[in-house]
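Take a look at the structure below.
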Amino acid sequence: MFDPAERAVAIEARLRAALAPQELTLVDESAMHAGHEGAKSGGSHFRLHVVSRKFEGLTKVGRHRLVYDVLHDLMKRDIHALAMTLLSPDEPSTARSSS
């Protein structure tokens with residue numbers, strides 16, 4: 001298990017290497033979930049926004065699976081919850097704010 005300070009750095013590094021994103025924002029929302037069961041076990045809560053050509057032609061489920069594949073071992077011990085907005089660069093700006 002990563003130290004909480006290193007956790008976000010490791011997640012972002014993996015996503016950048018695998019997805020070559022045009023945009024990537026990862027926000028640690030763990031403090032908002034203090035006392036929650038996942039927080040007690042050491043897992044963190046994150047919100048992720050990624051724009052990548054790797055998502056072109058994939059369904060929403062396919063995009064999520066791609067991210068889960070990249071983070072698979074971290075999902076078991078370091079990440080308790082991951083809210084995701086995953087877009088391709090060609091999606092309209094309305095999709096960017098509502099996905």
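Identifiers for the structure tokens are assigned positionally: chains receive A, B, ... in sequence, residues are indexed from 1 per chain, and ligands are indexed from 1 in the order shown.
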Tell me, as an MDAnalysis selection string, which residues lie within 12 Å of A:Ala17, counting only C-alpha atoms; anything in the same chain fewer than 4 positions away does not count.
chainID A and resid 10:13 21:22 24 52 54 67 70:71
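Across A:Phe46, A:Leu19, A:Leu66, A:Phe55, the tightest approach to A:Asp78 is made by A:Phe46 when counting only C-alpha atoms.
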Could you list, as a PDB file with N, CA and C atoms, in the first residue's frame, every residue within 10 Å of A:Glu29, counting only C-alpha atoms and ignoring same-chain residues fewer than 6 positions away?
ATOM      1  N   SER A  44      -8.350   5.261  -0.533  1.00  0.00           N
ATOM      2  CA  SER A  44      -8.668   6.662  -0.766  1.00  0.00           C
ATOM      3  C   SER A  44      -9.819   6.814  -1.751  1.00  0.00           C
ATOM      4  N   HIS A  45     -10.441   7.978  -1.708  1.00  0.00           N
ATOM      5  CA  HIS A  45     -11.520   8.344  -2.621  1.00  0.00           C
ATOM      6  C   HIS A  45     -10.976   9.377  -3.602  1.00  0.00           C
ATOM      7  N   PHE A  46     -11.145   9.121  -4.887  1.00  0.00           N
ATOM      8  CA  PHE A  46     -10.637  10.032  -5.912  1.00  0.00           C
ATOM      9  C   PHE A  46     -11.719  10.383  -6.915  1.00  0.00           C
ATOM     10  N   ARG A  47     -11.548  11.559  -7.533  1.00  0.00           N
ATOM     11  CA  ARG A  47     -12.353  11.983  -8.679  1.00  0.00           C
ATOM     12  C   ARG A  47     -11.371  12.191  -9.827  1.00  0.00           C
ATOM     13  N   ALA A  81     -12.630   4.276  -3.759  1.00  0.00           N
ATOM     14  CA  ALA A  81     -13.661   4.783  -4.670  1.00  0.00           C
ATOM     15  C   ALA A  81     -13.015   5.674  -5.722  1.00  0.00           C
ATOM     16  N   LEU A  82     -13.524   5.549  -6.953  1.00  0.00           N
ATOM     17  CA  LEU A  82     -12.983   6.325  -8.068  1.00  0.00           C
ATOM     18  C   LEU A  82     -14.134   6.783  -8.953  1.00  0.00           C
ATOM     19  N   ALA A  83     -14.460   8.071  -8.877  1.00  0.00           N
ATOM     20  CA  ALA A  83     -15.482   8.663  -9.737  1.00  0.00           C
ATOM     21  C   ALA A  83     -14.779   9.151 -11.002  1.00  0.00           C
TER      22      ALA A  83
END
Who sits within 10 Å of A:Met84, only C-alpha atoms, same chain under 5 positions skipped, as a list of chain:residue names
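Contacts, in chain order: A:Leu26, A:Phe46, A:Arg47, A:Leu48, A:His49, A:Val50, A:Arg63, A:His64, A:Val67, A:Ser99.
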Closest of A:Ser30, A:Val51, A:Pro89, A:Arg7 to A:Arg77 - atom-to-atom distances counting only C-alpha atoms:
A:Arg7
Of the candidates A:Val61, A:Leu74, A:Val9, A:Leu15, which one gets nearest to A:Asp28 if we count only C-alpha atoms?
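That would be A:Val9, the residue with the smallest distance to A:Asp28.
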Can you list every residue in stretch 7-96 of chain A that DSSP puts in strand (DSSP E or B), as a list of chain:residue names?
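Filtering stretch 7-96 of chain A down to strand (DSSP E or B) leaves A:Glu23, A:Leu24, A:Thr25, A:Leu26, A:Val27, A:Asp28, A:Ser44, A:His45, A:Phe46, A:Arg47, A:Leu48, A:His49, A:Val50, A:Val51, A:Ile79, A:His80, A:Ala81, A:Leu82, A:Ala83, A:Met84, A:Thr85, A:Leu86, A:Leu87.
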